[in-house]
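Notes follow the structure.
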Amino acid sequence: MLNKQLMSGLIKSSIARKVIMALSGLFLVFFLGQHFVINVTSVIAPDTFNSWSHFMGYNPIVQYILQPILIAGVIVHFVMGIVLELQNRGARGVKYAKYKGSANASWLSRNMIITGLVVLAFLGLHFYDFWIHEMTYKYIESNPEDPTRYYAETVHKFEPFWRTVIYVVSFVLLALHLLHGFASSFQSMGLNNKYTPAIKMFTKIYAIGIPLGFIFIALYHHFNQLTH
Amino acid sequence: MKLNLKIWRQKDAKSNGQMVDYPISGIEGDMSFLEMMDVLNEELITKGEDPVVFDHDCREGICGSCSLQINGEPHGPDRLITTCQLHMRKFNDGDTIVIEPFRAKAFPVIKDLMVDRSSFDRIQQAGGYISVNTSGNTVDANAIPIDKHDADEAMDSATCIGCGACVAACKNASAMLFTSAKVSQYALLPQGQVEATDRVLNMVRQMDLEGFGNCTNTGACEVECPKGISLENIARMNREYFSASLKG
Ligand code: SF4
Ligand code: FES
């Protein structure tokens, strides 16, 4: 049995906060990969994209269990990120007149709040574009199920130049965020051993590769429409 | 060489401080940074001014007393040394050197460049010890066989001199490197196992109570630590903390 004091330590201690950031972050990283796989089909097999999107949109387990977990994961990650940032700013009352952060830590690791907030702002647009749209389509306008609409709707989103630019910039910042965050989550969970160099390498490839893939898909749909 | 020093002056814990310029000349490359500060203070005393207060003791890089944020880095630009081991040959004639106290809410300034690092002592007191019977039947430490690798790692962790550079360097003023070194040096040894659960829980609780920031794995501490304490210690402390929490 966990006693109460320990339980509260597990939730309130600085180490617990780190681990909550790490776990929610890892969960979002995993989701990103899954999202990517679906998006890839929009380039290579529009029919598959339609049927997978339809499954994601109407499967009750996805809709009523996985989707709320995902939203909770996003909220936990960014609320905790902001709490950490504020606490950490408070931990150094008087600021240094000269602080040479670049001498001992990467820009990425010192500016997670900036890259994170940009990604969060993008998520706002993304929710508006797709989630609000879906909710309106399904529950407010009560449109009938149409398993063939997703491909055209998605591709259409990438028609405006401005949205494609925002999309690309956001994914560059997401890559920067993951370059520090993904590897860092293993350290937070206490994993620092002989496998660490391999883990770091894997997380780097993932952090750059997946966002680059998303960017490619966005540009593909954007330019494809220009030429047609 | 001639230098322009910009030094934080603060009368006492309650006063506000400010940066003050002190031009200085006649500094030799083989002087240590603290000897340069001594030269400055002698000049100030001769002029009837208040000398700059700074911490120091052994001047051999082993006690952890000296501190100073020099040009934005704790213990200055060199690696794996304390301020007392920093030589003036690392600087050039005409340089401006900004000298500030180690800054953290948990390290309040006492006067000028001297800060109160007793928060570290309280973390240590919360669990950084083992209970050994010293009343005559003490077992020789060497009688307990210890894996060479573990012994070496524990020794590495134990080299932490409690200087506080890790906190000073960290953008979050986090004390995780220090605390994890102190937890690790016992966690790796059989003698440390008896109190292992309480130790990590109590030391981390004290660390949080003192108002240090949260670790975000920037790694600045490891780079600036004069003793090369590694981030592996923090990972180990996190593991220890979780197994201790679950044991409860
Ligand atoms: S971990 Fe390194 S920088 Fe931190 S107190 Fe110990 S010796 Fe100083
Ligand atoms: S004065 Fe002891 S370590 Fe510098």
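Labels for the structure tokens follow display order: chains A, B, ..., residues from 1 in each chain, ligands from 1.
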Contacts of ligand 1, 7 Å or closer, only C-alpha atoms and all ligand atoms, given as a PyMOL selection string:
chain B and resi 64+159-167+177-178+181+221+224-229
Selected residues written out, N, CA, C and O atoms, as an mmCIF file, in the first residue's frame:
data_model
loop_
_atom_site.group_PDB
_atom_site.id
_atom_site.type_symbol
_atom_site.label_atom_id
_atom_site.label_comp_id
_atom_site.auth_asym_id
_atom_site.auth_seq_id
_atom_site.Cartn_x
_atom_site.Cartn_y
_atom_site.Cartn_z
ATOM 1 N N GLY B 64 35.142 23.560 -1.874
ATOM 2 C CA GLY B 64 33.838 23.991 -2.392
ATOM 3 C C GLY B 64 33.381 25.330 -1.867
ATOM 4 O O GLY B 64 32.228 25.722 -2.070
ATOM 5 N N THR B 159 32.799 12.830 -5.033
ATOM 6 C CA THR B 159 33.738 13.940 -5.216
ATOM 7 C C THR B 159 33.039 15.295 -5.273
ATOM 8 O O THR B 159 33.702 16.325 -5.310
ATOM 9 N N CYS B 160 31.719 15.299 -5.291
ATOM 10 C CA CYS B 160 30.992 16.582 -5.246
ATOM 11 C C CYS B 160 31.422 17.365 -4.020
ATOM 12 O O CYS B 160 31.404 16.854 -2.910
ATOM 13 N N ILE B 161 31.822 18.612 -4.230
ATOM 14 C CA ILE B 161 32.301 19.436 -3.112
ATOM 15 C C ILE B 161 31.231 20.412 -2.629
ATOM 16 O O ILE B 161 31.512 21.306 -1.829
ATOM 17 N N GLY B 162 30.012 20.269 -3.138
ATOM 18 C CA GLY B 162 28.915 21.101 -2.646
ATOM 19 C C GLY B 162 29.091 22.584 -2.922
ATOM 20 O O GLY B 162 28.654 23.432 -2.136
ATOM 21 N N CYS B 163 29.724 22.901 -4.064
ATOM 22 C CA CYS B 163 30.025 24.309 -4.325
ATOM 23 C C CYS B 163 28.801 25.098 -4.780
ATOM 24 O O CYS B 163 28.709 26.301 -4.571
ATOM 25 N N GLY B 164 27.862 24.421 -5.444
ATOM 26 C CA GLY B 164 26.658 25.118 -5.910
ATOM 27 C C GLY B 164 26.735 25.637 -7.329
ATOM 28 O O GLY B 164 25.818 26.319 -7.796
ATOM 29 N N ALA B 165 27.809 25.301 -8.041
ATOM 30 C CA ALA B 165 27.932 25.775 -9.427
ATOM 31 C C ALA B 165 26.813 25.217 -10.301
ATOM 32 O O ALA B 165 26.361 25.860 -11.246
ATOM 33 N N CYS B 166 26.386 24.000 -9.967
ATOM 34 C CA CYS B 166 25.311 23.378 -10.753
ATOM 35 C C CYS B 166 24.042 24.227 -10.679
ATOM 36 O O CYS B 166 23.373 24.457 -11.688
ATOM 37 N N VAL B 167 23.736 24.711 -9.478
ATOM 38 C CA VAL B 167 22.556 25.560 -9.296
ATOM 39 C C VAL B 167 22.756 26.892 -10.020
ATOM 40 O O VAL B 167 21.864 27.394 -10.704
ATOM 41 N N LEU B 177 21.609 18.105 -9.539
ATOM 42 C CA LEU B 177 22.914 17.444 -9.697
ATOM 43 C C LEU B 177 23.554 17.226 -8.331
ATOM 44 O O LEU B 177 24.026 16.134 -8.022
ATOM 45 N N PHE B 178 23.555 18.267 -7.526
ATOM 46 C CA PHE B 178 24.108 18.145 -6.172
ATOM 47 C C PHE B 178 23.392 17.042 -5.398
ATOM 48 O O PHE B 178 24.023 16.121 -4.868
ATOM 49 N N ALA B 181 24.065 13.568 -6.607
ATOM 50 C CA ALA B 181 25.411 13.076 -6.287
ATOM 51 C C ALA B 181 25.427 12.546 -4.860
ATOM 52 O O ALA B 181 25.988 11.490 -4.566
ATOM 53 N N CYS B 221 24.468 21.957 -15.712
ATOM 54 C CA CYS B 221 25.130 21.616 -14.447
ATOM 55 C C CYS B 221 26.353 20.741 -14.686
ATOM 56 O O CYS B 221 27.438 20.981 -14.162
ATOM 57 N N GLU B 224 29.286 22.608 -16.153
ATOM 58 C CA GLU B 224 29.944 23.585 -15.283
ATOM 59 C C GLU B 224 30.501 22.992 -13.986
ATOM 60 O O GLU B 224 31.256 23.649 -13.288
ATOM 61 N N CYS B 225 30.095 21.772 -13.666
ATOM 62 C CA CYS B 225 30.530 21.184 -12.391
ATOM 63 C C CYS B 225 32.048 21.032 -12.356
ATOM 64 O O CYS B 225 32.641 20.410 -13.238
ATOM 65 N N PRO B 226 32.718 21.586 -11.342
ATOM 66 C CA PRO B 226 34.181 21.477 -11.285
ATOM 67 C C PRO B 226 34.648 20.041 -11.074
ATOM 68 O O PRO B 226 35.814 19.731 -11.302
ATOM 69 N N LYS B 227 33.770 19.174 -10.625
ATOM 70 C CA LYS B 227 34.164 17.789 -10.345
ATOM 71 C C LYS B 227 33.639 16.811 -11.392
ATOM 72 O O LYS B 227 33.746 15.592 -11.219
ATOM 73 N N GLY B 228 33.023 17.319 -12.430
ATOM 74 C CA GLY B 228 32.568 16.438 -13.500
ATOM 75 C C GLY B 228 31.469 15.472 -13.080
ATOM 76 O O GLY B 228 31.359 14.367 -13.628
ATOM 77 N N ILE B 229 30.655 15.854 -12.117
ATOM 78 C CA ILE B 229 29.535 14.987 -11.700
ATOM 79 C C ILE B 229 28.593 14.842 -12.903
ATOM 80 O O ILE B 229 28.208 15.828 -13.519
#
Neighbours of chain A in chain B at 7 Å, counting only C-alpha atoms, as a PDB file with N, CA, C and O atoms, in the first residue's frame:
ATOM      1  N   ASN B  71      31.810  36.215 -15.856  1.00  0.00           N
ATOM      2  CA  ASN B  71      31.375  36.392 -17.253  1.00  0.00           C
ATOM      3  C   ASN B  71      30.244  35.433 -17.619  1.00  0.00           C
ATOM      4  O   ASN B  71      30.237  34.817 -18.681  1.00  0.00           O
ATOM      5  N   GLY B  72      29.301  35.294 -16.709  1.00  0.00           N
ATOM      6  CA  GLY B  72      28.110  34.499 -17.012  1.00  0.00           C
ATOM      7  C   GLY B  72      28.230  33.009 -16.787  1.00  0.00           C
ATOM      8  O   GLY B  72      27.305  32.265 -17.099  1.00  0.00           O
ATOM      9  N   GLU B  73      29.388  32.554 -16.249  1.00  0.00           N
ATOM     10  CA  GLU B  73      29.547  31.120 -15.969  1.00  0.00           C
ATOM     11  C   GLU B  73      30.077  30.906 -14.557  1.00  0.00           C
ATOM     12  O   GLU B  73      31.007  31.611 -14.144  1.00  0.00           O
ATOM     13  N   ARG B 103      23.544  32.905  -8.245  1.00  0.00           N
ATOM     14  CA  ARG B 103      22.188  33.398  -8.007  1.00  0.00           C
ATOM     15  C   ARG B 103      21.157  32.281  -7.974  1.00  0.00           C
ATOM     16  O   ARG B 103      21.030  31.508  -8.912  1.00  0.00           O
ATOM     17  N   ALA B 104      20.417  32.247  -6.877  1.00  0.00           N
ATOM     18  CA  ALA B 104      19.256  31.364  -6.736  1.00  0.00           C
ATOM     19  C   ALA B 104      18.490  31.858  -5.527  1.00  0.00           C
ATOM     20  O   ALA B 104      19.090  32.429  -4.612  1.00  0.00           O
ATOM     21  N   LYS B 105      17.193  31.678  -5.562  1.00  0.00           N
ATOM     22  CA  LYS B 105      16.391  32.090  -4.404  1.00  0.00           C
ATOM     23  C   LYS B 105      16.853  31.327  -3.159  1.00  0.00           C
ATOM     24  O   LYS B 105      16.847  31.856  -2.060  1.00  0.00           O
ATOM     25  N   ASN B 172      17.159  27.070 -14.426  1.00  0.00           N
ATOM     26  CA  ASN B 172      16.052  26.872 -13.492  1.00  0.00           C
ATOM     27  C   ASN B 172      16.502  26.918 -12.038  1.00  0.00           C
ATOM     28  O   ASN B 172      15.699  26.662 -11.148  1.00  0.00           O
ATOM     29  N   ALA B 173      17.795  27.181 -11.796  1.00  0.00           N
ATOM     30  CA  ALA B 173      18.353  27.129 -10.442  1.00  0.00           C
ATOM     31  C   ALA B 173      17.953  25.835  -9.740  1.00  0.00           C
ATOM     32  O   ALA B 173      17.503  25.826  -8.608  1.00  0.00           O
ATOM     33  N   ARG B 205      12.569  15.894  -0.785  1.00  0.00           N
ATOM     34  CA  ARG B 205      11.567  16.784  -0.174  1.00  0.00           C
ATOM     35  C   ARG B 205      12.237  18.071   0.312  1.00  0.00           C
ATOM     36  O   ARG B 205      11.747  19.171   0.086  1.00  0.00           O
ATOM     37  N   ASP B 208      13.121  20.378  -2.546  1.00  0.00           N
ATOM     38  CA  ASP B 208      11.953  21.122  -3.044  1.00  0.00           C
ATOM     39  C   ASP B 208      11.554  22.230  -2.077  1.00  0.00           C
ATOM     40  O   ASP B 208      11.212  23.336  -2.490  1.00  0.00           O
ATOM     41  N   GLY B 211      13.247  25.644  -2.266  1.00  0.00           N
ATOM     42  CA  GLY B 211      12.890  26.573  -3.345  1.00  0.00           C
ATOM     43  C   GLY B 211      13.780  26.510  -4.573  1.00  0.00           C
ATOM     44  O   GLY B 211      13.834  27.462  -5.357  1.00  0.00           O
ATOM     45  N   PHE B 212      14.494  25.400  -4.739  1.00  0.00           N
ATOM     46  CA  PHE B 212      15.250  25.227  -5.985  1.00  0.00           C
ATOM     47  C   PHE B 212      14.268  24.941  -7.117  1.00  0.00           C
ATOM     48  O   PHE B 212      13.174  24.444  -6.883  1.00  0.00           O
ATOM     49  N   GLY B 213      14.678  25.215  -8.355  1.00  0.00           N
ATOM     50  CA  GLY B 213      13.777  25.018  -9.496  1.00  0.00           C
ATOM     51  C   GLY B 213      13.711  23.558  -9.938  1.00  0.00           C
ATOM     52  O   GLY B 213      14.372  22.684  -9.372  1.00  0.00           O
ATOM     53  N   ASN B 214      12.900  23.311 -10.949  1.00  0.00           N
ATOM     54  CA  ASN B 214      12.729  21.961 -11.490  1.00  0.00           C
ATOM     55  C   ASN B 214      13.744  21.708 -12.597  1.00  0.00           C
ATOM     56  O   ASN B 214      13.989  22.571 -13.433  1.00  0.00           O
ATOM     57  N   ASN B 217      16.552  19.060 -17.722  1.00  0.00           N
ATOM     58  CA  ASN B 217      17.573  18.327 -18.487  1.00  0.00           C
ATOM     59  C   ASN B 217      18.335  19.175 -19.499  1.00  0.00           C
ATOM     60  O   ASN B 217      18.640  18.697 -20.590  1.00  0.00           O
ATOM     61  N   THR B 218      18.673  20.404 -19.143  1.00  0.00           N
ATOM     62  CA  THR B 218      19.470  21.189 -20.091  1.00  0.00           C
ATOM     63  C   THR B 218      20.922  20.696 -20.085  1.00  0.00           C
ATOM     64  O   THR B 218      21.645  20.880 -21.054  1.00  0.00           O
ATOM     65  N   GLY B 219      21.341  20.133 -18.953  1.00  0.00           N
ATOM     66  CA  GLY B 219      22.713  19.611 -18.863  1.00  0.00           C
ATOM     67  C   GLY B 219      23.760  20.660 -18.535  1.00  0.00           C
ATOM     68  O   GLY B 219      24.956  20.362 -18.512  1.00  0.00           O
ATOM     69  N   ALA B 220      23.318  21.898 -18.238  1.00  0.00           N
ATOM     70  CA  ALA B 220      24.286  22.963 -17.924  1.00  0.00           C
ATOM     71  C   ALA B 220      25.107  22.615 -16.683  1.00  0.00           C
ATOM     72  O   ALA B 220      26.309  22.902 -16.618  1.00  0.00           O
ATOM     73  N   VAL B 223      28.126  20.366 -17.331  1.00  0.00           N
ATOM     74  CA  VAL B 223      29.205  21.060 -18.036  1.00  0.00           C
ATOM     75  C   VAL B 223      29.997  21.950 -17.066  1.00  0.00           C
ATOM     76  O   VAL B 223      31.220  22.026 -17.131  1.00  0.00           O
ATOM     77  N   GLU B 224      29.286  22.608 -16.153  1.00  0.00           N
ATOM     78  CA  GLU B 224      29.944  23.585 -15.283  1.00  0.00           C
ATOM     79  C   GLU B 224      30.501  22.992 -13.986  1.00  0.00           C
ATOM     80  O   GLU B 224      31.256  23.649 -13.288  1.00  0.00           O
ATOM     81  N   GLU B 232      24.110  11.123 -15.122  1.00  0.00           N
ATOM     82  CA  GLU B 232      23.673   9.772 -14.751  1.00  0.00           C
ATOM     83  C   GLU B 232      23.218   9.730 -13.292  1.00  0.00           C
ATOM     84  O   GLU B 232      22.347   8.945 -12.932  1.00  0.00           O
ATOM     85  N   ALA B 235      19.574  10.628 -13.183  1.00  0.00           N
ATOM     86  CA  ALA B 235      18.739   9.503 -13.607  1.00  0.00           C
ATOM     87  C   ALA B 235      18.652   8.465 -12.484  1.00  0.00           C
ATOM     88  O   ALA B 235      17.590   7.923 -12.201  1.00  0.00           O
ATOM     89  N   ARG B 236      19.794   8.220 -11.829  1.00  0.00           N
ATOM     90  CA  ARG B 236      19.797   7.248 -10.741  1.00  0.00           C
ATOM     91  C   ARG B 236      18.904   7.719  -9.594  1.00  0.00           C
ATOM     92  O   ARG B 236      18.134   6.942  -9.032  1.00  0.00           O
ATOM     93  N   ASN B 238      16.320   9.639  -9.801  1.00  0.00           N
ATOM     94  CA  ASN B 238      14.919   9.474 -10.207  1.00  0.00           C
ATOM     95  C   ASN B 238      14.469   8.026 -10.017  1.00  0.00           C
ATOM     96  O   ASN B 238      13.369   7.767  -9.538  1.00  0.00           O
ATOM     97  N   ARG B 239      15.343   7.086 -10.383  1.00  0.00           N
ATOM     98  CA  ARG B 239      14.997   5.667 -10.195  1.00  0.00           C
ATOM     99  C   ARG B 239      14.824   5.348  -8.719  1.00  0.00           C
ATOM    100  O   ARG B 239      13.869   4.712  -8.304  1.00  0.00           O
ATOM    101  N   SER B 245       9.274   5.464  -3.484  1.00  0.00           N
ATOM    102  CA  SER B 245       7.873   5.869  -3.377  1.00  0.00           C
ATOM    103  C   SER B 245       6.961   4.649  -3.414  1.00  0.00           C
ATOM    104  O   SER B 245       5.946   4.600  -2.731  1.00  0.00           O
ATOM    105  N   LEU B 246       7.333   3.683  -4.224  1.00  0.00           N
ATOM    106  CA  LEU B 246       6.472   2.507  -4.351  1.00  0.00           C
ATOM    107  C   LEU B 246       6.603   1.579  -3.151  1.00  0.00           C
ATOM    108  O   LEU B 246       5.654   0.918  -2.768  1.00  0.00           O
ATOM    109  N   GLY B 248       7.300   2.591   0.004  1.00  0.00           N
ATOM    110  CA  GLY B 248       6.627   3.324   1.073  1.00  0.00           C
ATOM    111  C   GLY B 248       6.440   2.654   2.383  1.00  0.00           C
ATOM    112  O   GLY B 248       5.467   2.141   2.799  1.00  0.00           O
TER     113      GLY B 248
END
All strand (DSSP E or B) residues (DSSP, backbone) inside segment 7-94 of chain B, as a count of residues only:
16
Using only C-alpha atoms, what does the table of segment 154-213 of chain A residues within 8 Å of segment 26-43 of chain A look like, with each row giving the shortest atom pair and its distance in Å to one decimal, sorted by chain and ascending number, as a tab-separated table?
residue	atom	partner	partner_atom	distance
A:Phe182	CA	A:Leu26	CA	6.9
A:Ser185	CA	A:Leu26	CA	7.1
A:Ile210	CA	A:Gly33	CA	7.0
A:Gly213	CA	A:Phe36	CA	7.6
Secondary structure check, helix (DSSP H, G or I) residues of chain B, as a PyMOL selection string
chain B and resi 33-46+83-85+88-90+118-125+141-143+148-158+165-169+176-187+190-192+196-209+220-224+232-247
Counting only C-alpha atoms and all ligand atoms, what residues are within 8 Å of ligand 2, given as a ChimeraX atom specification?
/B:55-67,82-85,161,163
With only C-alpha atoms as the atoms that count, which of A:Phe216, A:Tyr139, A:Phe202, A:Phe223 lies nearest to Val168 of chain A?
A:Phe216
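Distances to Val200 of chain B were evaluated for B:Gly94, B:Ala168, B:Asn142, B:Gly127 using only C-alpha atoms, and the minimum falls at B:Gly127.
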Which polymer residues have any atom within 9 Å of an atom of segment 44-61 of chain A, counting only C-alpha atoms, with same-chain residues fewer than 4 positions away left out, as a VMD selection string?
chain A and resid 38 to 40 65 to 67 134 145 to 152
Between B:Val98, B:Cys215, B:Leu68, B:Ile81, which one has atoms that come closest to Pro23 of chain B, using only C-alpha atoms?
B:Val98
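For Asn202 of chain B, the residues within 9 Å (counting only C-alpha atoms, excluding itself and residues fewer than 4 positions away along the chain) are Ile123, Ala126, Gly127, Thr197, Asp198, Gln206 and Met207 of chain B.
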